[in-house]
>>> print(open('input28.pdb').read())   # PDB, C-alpha atoms, pLDDT in the B column
ATOM      1  CA  MET G 979     -17.136   2.446-137.613  1.00 80.00           C
ATOM      2  CA  ASP G 980     -14.233   0.102-138.290  1.00 93.00           C
ATOM      3  CA  TYR G 981     -11.870   1.297-141.036  1.00 93.00           C
ATOM      4  CA  SER G 982     -12.069  -2.035-142.896  1.00 95.00           C
ATOM      5  CA  VAL G 983     -15.883  -1.715-143.070  1.00 96.00           C
ATOM      6  CA  LEU G 984     -15.550   1.869-144.340  1.00 96.00           C
ATOM      7  CA  ILE G 985     -13.101   0.936-147.070  1.00 95.00           C
ATOM      8  CA  THR G 986     -15.289  -1.995-148.139  1.00 96.00           C
ATOM      9  CA  LEU G 987     -18.380   0.220-148.364  1.00 97.00           C
ATOM     10  CA  HIS G 988     -16.361   2.865-150.198  1.00 97.00           C
ATOM     11  CA  LEU G 989     -14.986   0.354-152.703  1.00 95.00           C
ATOM     12  CA  PHE G 990     -18.398  -1.192-153.433  1.00 97.00           C
ATOM     13  CA  ALA G 991     -19.998   2.212-153.932  1.00 97.00           C
ATOM     14  CA  ALA G 992     -17.079   3.304-156.131  1.00 95.00           C
ATOM     15  CA  PHE G 993     -17.443   0.100-158.142  1.00 95.00           C
ATOM     16  CA  ILE G 994     -21.124   0.838-158.775  1.00 95.00           C
ATOM     17  CA  PHE G 995     -20.544   4.504-159.597  1.00 93.00           C
ATOM     18  CA  VAL G 996     -17.512   3.967-161.848  1.00 93.00           C
ATOM     19  CA  GLY G 997     -19.207   0.993-163.515  1.00 94.00           C
ATOM     20  CA  THR G 998     -22.260   3.088-164.307  1.00 92.00           C
ATOM     21  CA  VAL G 999     -20.168   5.911-165.759  1.00 91.00           C
ATOM     22  CA  PHE G1000     -18.060   3.381-167.705  1.00 93.00           C
ATOM     23  CA  PHE G1001     -21.214   1.800-169.128  1.00 93.00           C
ATOM     24  CA  GLU G1002     -22.702   5.130-170.156  1.00 89.00           C
ATOM     25  CA  VAL G1003     -19.503   6.534-171.721  1.00 90.00           C
ATOM     26  CA  LEU G1004     -17.998   3.485-173.424  1.00 91.00           C
ATOM     27  CA  ILE G1005     -20.908   1.090-174.003  1.00 92.00           C
ATOM     28  CA  LEU G1006     -24.013   3.215-174.450  1.00 90.00           C
ATOM     29  CA  GLU G1007     -22.295   5.850-176.583  1.00 87.00           C
ATOM     30  CA  GLY G1008     -20.714   3.075-178.658  1.00 88.00           C
ATOM     31  CA  ILE G1009     -24.070   1.635-179.721  1.00 92.00           C
ATOM     32  CA  ARG G1010     -25.768   4.952-180.472  1.00 87.00           C
ATOM     33  CA  LYS G1011     -25.130   4.683-184.234  1.00 88.00           C
ATOM     34  CA  GLU G1012     -26.439   1.114-184.385  1.00 92.00           C
ATOM     35  CA  VAL G1013     -29.745   1.691-182.569  1.00 92.00           C
ATOM     36  CA  GLN G1014     -32.786   3.512-183.888  1.00 94.00           C
ATOM     37  CA  PRO G1015     -33.075   7.021-182.352  1.00 91.00           C
ATOM     38  CA  ASP G1016     -36.497   6.305-180.804  1.00 93.00           C
ATOM     39  CA  ALA G1017     -35.262   3.067-179.253  1.00 94.00           C
ATOM     40  CA  MET G1018     -32.112   4.810-177.988  1.00 91.00           C
ATOM     41  CA  LYS G1019     -34.188   7.541-176.343  1.00 89.00           C
ATOM     42  CA  SER G1020     -36.304   4.892-174.621  1.00 93.00           C
ATOM     43  CA  VAL G1021     -33.207   3.085-173.369  1.00 92.00           C
ATOM     44  CA  GLU G1022     -31.601   6.333-172.180  1.00 87.00           C
ATOM     45  CA  ARG G1023     -34.805   7.410-170.442  1.00 89.00           C
ATOM     46  CA  ALA G1024     -35.125   4.058-168.659  1.00 93.00           C
ATOM     47  CA  ILE G1025     -31.456   3.972-167.611  1.00 90.00           C
ATOM     48  CA  GLY G1026     -31.615   7.605-166.502  1.00 84.00           C
ATOM     49  CA  SER G1027     -34.722   6.981-164.441  1.00 89.00           C
ATOM     50  CA  ARG G1028     -33.150   3.990-162.722  1.00 92.00           C
ATOM     51  CA  ALA G1029     -29.860   5.826-162.146  1.00 87.00           C
ATOM     52  CA  ARG G1030     -31.666   8.787-160.570  1.00 84.00           C
ATOM     53  CA  ARG G1031     -33.238   6.406-158.043  1.00 92.00           C
ATOM     54  CA  ILE G1032     -30.021   4.514-157.206  1.00 94.00           C
ATOM     55  CA  MET G1033     -27.173   7.014-157.557  1.00 90.00           C
ATOM     56  CA  PRO G1034     -28.070   9.328-154.675  1.00 90.00           C
ATOM     57  CA  TRP G1035     -27.811   6.351-152.300  1.00 95.00           C
ATOM     58  CA  VAL G1036     -24.602   5.114-153.926  1.00 96.00           C
ATOM     59  CA  LEU G1037     -23.107   8.597-153.641  1.00 94.00           C
ATOM     60  CA  LEU G1038     -24.227   8.871-150.026  1.00 95.00           C
ATOM     61  CA  VAL G1039     -22.346   5.674-149.176  1.00 97.00           C
ATOM     62  CA  LEU G1040     -19.366   6.594-151.381  1.00 97.00           C
ATOM     63  CA  TYR G1041     -18.894  10.072-149.953  1.00 96.00           C
ATOM     64  CA  GLY G1042     -19.952   9.168-146.414  1.00 97.00           C
ATOM     65  CA  ALA G1043     -17.375   6.396-146.217  1.00 97.00           C
ATOM     66  CA  GLY G1044     -14.817   8.590-148.001  1.00 96.00           C
ATOM     67  CA  ILE G1045     -15.263  11.427-145.507  1.00 96.00           C
ATOM     68  CA  SER G1046     -15.031   8.986-142.616  1.00 96.00           C
ATOM     69  CA  MET G1047     -11.828   7.512-144.022  1.00 95.00           C
ATOM     70  CA  ALA G1048     -10.393  11.002-144.672  1.00 95.00           C
ATOM     71  CA  TRP G1049     -11.028  11.824-141.016  1.00 95.00           C
ATOM     72  CA  HIS G1050      -8.635   8.985-140.196  1.00 94.00           C
ATOM     73  CA  TYR G1051      -5.939  10.887-142.174  1.00 95.00           C
ATOM     74  CA  ARG G1052      -6.809  14.381-140.928  1.00 96.00           C
ATOM     75  CA  THR G1053      -3.290  15.014-139.583  1.00 96.00           C
ATOM     76  CA  VAL G1054      -1.752  14.016-142.925  1.00 95.00           C
ATOM     77  CA  LEU G1055      -4.277  16.131-144.831  1.00 96.00           C
ATOM     78  CA  ALA G1056      -3.426  19.158-142.671  1.00 96.00           C
ATOM     79  CA  HIS G1057      -0.062  19.261-144.485  1.00 97.00           C
ATOM     80  CA  PRO G1058      -0.732  18.071-148.054  1.00 96.00           C
ATOM     81  CA  PHE G1059       2.721  18.971-149.389  1.00 96.00           C
ATOM     82  CA  ASP G1060       4.698  17.159-146.694  1.00 96.00           C
ATOM     83  CA  SER G1061       4.509  13.738-148.320  1.00 96.00           C
ATOM     84  CA  THR G1062       3.643  12.106-151.613  1.00 96.00           C
ATOM     85  CA  PHE G1063       0.827  10.197-149.932  1.00 95.00           C
ATOM     86  CA  ALA G1064      -0.712  13.391-148.523  1.00 96.00           C
ATOM     87  CA  LEU G1065      -0.483  15.131-151.890  1.00 97.00           C
ATOM     88  CA  MET G1066      -2.092  12.213-153.735  1.00 97.00           C
ATOM     89  CA  LEU G1067      -4.850  11.886-151.130  1.00 97.00           C
ATOM     90  CA  SER G1068      -5.527  15.634-151.352  1.00 97.00           C
ATOM     91  CA  LEU G1069      -5.703  15.458-155.160  1.00 97.00           C
ATOM     92  CA  LYS G1070      -8.016  12.456-154.922  1.00 97.00           C
ATOM     93  CA  ILE G1071     -10.323  14.380-152.580  1.00 97.00           C
ATOM     94  CA  LEU G1072     -10.315  17.432-154.871  1.00 97.00           C
ATOM     95  CA  LEU G1073     -11.231  15.258-157.857  1.00 98.00           C
ATOM     96  CA  ALA G1074     -13.964  13.553-155.825  1.00 96.00           C
ATOM     97  CA  LEU G1075     -15.388  16.956-154.867  1.00 96.00           C
ATOM     98  CA  SER G1076     -15.328  17.950-158.531  1.00 97.00           C
ATOM     99  CA  VAL G1077     -17.243  14.768-159.428  1.00 95.00           C
ATOM    100  CA  LEU G1078     -19.808  15.637-156.751  1.00 92.00           C
ATOM    101  CA  GLY G1079     -20.065  19.114-158.261  1.00 95.00           C
ATOM    102  CA  HIS G1080     -20.682  17.576-161.694  1.00 94.00           C
ATOM    103  CA  PHE G1081     -23.403  15.340-160.237  1.00 87.00           C
ATOM    104  CA  ILE G1082     -25.127  18.224-158.456  1.00 90.00           C
ATOM    105  CA  THR G1083     -24.918  20.373-161.593  1.00 94.00           C
ATOM    106  CA  ALA G1084     -26.480  17.589-163.665  1.00 90.00           C
ATOM    107  CA  MET G1085     -29.288  17.164-161.135  1.00 86.00           C
ATOM    108  CA  VAL G1086     -30.006  20.913-161.085  1.00 93.00           C
ATOM    109  CA  TRP G1087     -29.921  21.157-164.886  1.00 94.00           C
ATOM    110  CA  GLY G1088     -32.202  18.113-165.071  1.00 87.00           C
ATOM    111  CA  THR G1089     -34.816  19.603-162.781  1.00 90.00           C
ATOM    112  CA  ARG G1090     -34.668  22.899-164.709  1.00 95.00           C
ATOM    113  CA  ARG G1091     -34.927  21.090-168.064  1.00 92.00           C
ATOM    114  CA  LYS G1092     -31.520  22.431-169.149  1.00 94.00           C
ATOM    115  CA  LEU G1093     -29.778  19.063-169.349  1.00 89.00           C
ATOM    116  CA  ASN G1094     -29.428  18.587-173.094  1.00 89.00           C
ATOM    117  CA  ALA G1095     -27.504  15.830-174.912  1.00 83.00           C
ATOM    118  CA  ARG G1096     -24.379  17.965-175.305  1.00 90.00           C
ATOM    119  CA  ARG G1097     -24.221  18.759-171.586  1.00 93.00           C
ATOM    120  CA  VAL G1098     -24.836  15.116-170.650  1.00 88.00           C
ATOM    121  CA  GLN G1099     -21.996  14.000-172.916  1.00 88.00           C
ATOM    122  CA  PHE G1100     -19.624  16.629-171.494  1.00 93.00           C
ATOM    123  CA  ILE G1101     -20.468  15.692-167.906  1.00 94.00           C
ATOM    124  CA  HIS G1102     -20.081  11.960-168.611  1.00 90.00           C
ATOM    125  CA  ILE G1103     -16.692  12.387-170.281  1.00 93.00           C
ATOM    126  CA  SER G1104     -15.474  14.761-167.577  1.00 96.00           C
ATOM    127  CA  VAL G1105     -16.613  12.486-164.743  1.00 95.00           C
ATOM    128  CA  PHE G1106     -15.134   9.466-166.533  1.00 94.00           C
ATOM    129  CA  SER G1107     -11.771  11.282-166.797  1.00 96.00           C
ATOM    130  CA  HIS G1108     -11.939  12.249-163.140  1.00 97.00           C
ATOM    131  CA  MET G1109     -12.708   8.652-162.177  1.00 95.00           C
ATOM    132  CA  ILE G1110      -9.711   7.316-164.098  1.00 96.00           C
ATOM    133  CA  ALA G1111      -7.463   9.819-162.308  1.00 97.00           C
ATOM    134  CA  ILE G1112      -8.976   8.897-158.918  1.00 97.00           C
ATOM    135  CA  ILE G1113      -8.416   5.181-159.556  1.00 95.00           C
ATOM    136  CA  ILE G1114      -4.795   5.774-160.595  1.00 96.00           C
ATOM    137  CA  LEU G1115      -4.199   7.945-157.508  1.00 97.00           C
ATOM    138  CA  ALA G1116      -5.817   5.340-155.230  1.00 94.00           C
ATOM    139  CA  LYS G1117      -3.542   2.638-156.585  1.00 95.00           C
ATOM    140  CA  ALA G1118      -0.445   4.858-156.482  1.00 96.00           C
ATOM    141  CA  MET G1119      -1.173   5.753-152.851  1.00 94.00           C
ATOM    142  CA  LEU G1120      -0.475   2.129-151.905  1.00 91.00           C
ATOM    143  CA  TYR G1121       3.146   2.622-152.956  1.00 92.00           C
ATOM    144  CA  ALA G1122       3.700   6.151-151.584  1.00 82.00           C
TER     145      ALA G1122
END
>>> encode(input="input28.pdb", output="structure tokens")
Amino acid sequence: MDYSVLITLHLFAAFIFVGTVFFEVLILEGIRKEVQPDAMKSVERAIGSRARRIMPWVLLVLYGAGISMAWHYRTVLAHPFDSTFALMLSLKILLALSVLGHFITAMVWGTRRKLNARRVQFIHISVFSHMIAIIILAKAMLYA
């Protein structure tokens, strides 16, 4: 597949994923005190249900395109400490793998009924932090 198509797919999927995490961490958490607990649970349940249907496909595109693009840089990635670009790309990949680990953990906890509010909040904040770092690295890589 053409590299420009891969990067476009990757960017759109990243936009959806990061936007969803942004919404959940900064918007949804920000209104929690202003919304009745029963109404908030209904909203969270509906958003969670929708996200569980969409996010696996978004992640498939995001990681599929990301892996395909990384393959393009396989010689650079073979020596991650030889250049600033290689180091930043390696860090970006490690953070992306950590995000995937968070997502898989959340899915497993959800199916085992162990995904409580505290764990959801921790995962959201952690993934949000990872995403900010990934975005900064992606931008910095343009100048490396």
>>> resolve_selection(input="input28.pdb", expression="the PyMOL selection byres ((chain G and resi 1113) around 12)", output="JSON, numbers by chain")
{"G": [989, 992, 993, 996, 1066, 1067, 1069, 1070, 1071, 1073, 1074, 1106, 1107, 1108, 1109, 1110, 1111, 1112, 1114, 1115, 1116, 1117, 1118, 1119, 1120]}
>>> residues_around(input="input28.pdb", residues="Ile1009 in chain G", least_positions_apart="6", cutoff="12 Å", atoms="all atoms listed in the file", output="number ranges by chain")
G: 1001-1003, 1015, 1017-1018, 1021-1022
>>> atom_distance(input="input28.pdb", atom1="CA of Gly1079 in chain G", atom2="CA of Leu1006 in chain G")
23.0 Å
>>> atom_distance(input="input28.pdb", atom1="CA of Leu1055 in chain G", atom2="CA of Ser1076 in chain G")
17.7 Å
>>> atom_distance(input="input28.pdb", atom1="CA of Lys1019 in chain G", atom2="CA of Val1036 in chain G")
24.5 Å
>>> residues_around(input="input28.pdb", residues="Met1047 in chain G", least_positions_apart="4", cutoff="7 Å", atoms="all atoms listed in the file", output="PyMOL selection string")
chain G and resi 981+984+1043
>>> closest_residue(input="input28.pdb", among="G:Arg1097, G:Thr998, G:Ile1045, G:Arg1090", to="Arg1028 in chain G", atoms="only C-alpha atoms")
G:Thr998
>>> closest_residue(input="input28.pdb", among="G:Phe995, G:Trp1035, G:Phe1100, G:Trp1049", to="Thr1083 in chain G", atoms="all atoms listed in the file")
G:Phe1100
>>> closest_residue(input="input28.pdb", among="G:Val1098, G:Ile1103, G:Leu1065, G:Ala991", to="Gly1044 in chain G", atoms="only C-alpha atoms")
G:Ala991
>>> closest_residue(input="input28.pdb", among="G:Met1085, G:Asn1094, G:Val999, G:Leu1078", to="Leu1040 in chain G", atoms="all atoms listed in the file")
G:Leu1078
>>> axis_aligned_box(input="input28.pdb", around="range 1010-1028 of chain G", padding_each_side="4 Å", output="JSON")
{"center_x": -30.8, "center_y": 4.4, "center_z": -173.6, "size_x": 19.4, "size_y": 14.5, "size_z": 29.7}
>>> closest_residue(input="input28.pdb", among="G:Val1105, G:Ala1064, G:Ile985, G:Gly1008", to="Ala1084 in chain G", atoms="only C-alpha atoms")
G:Val1105
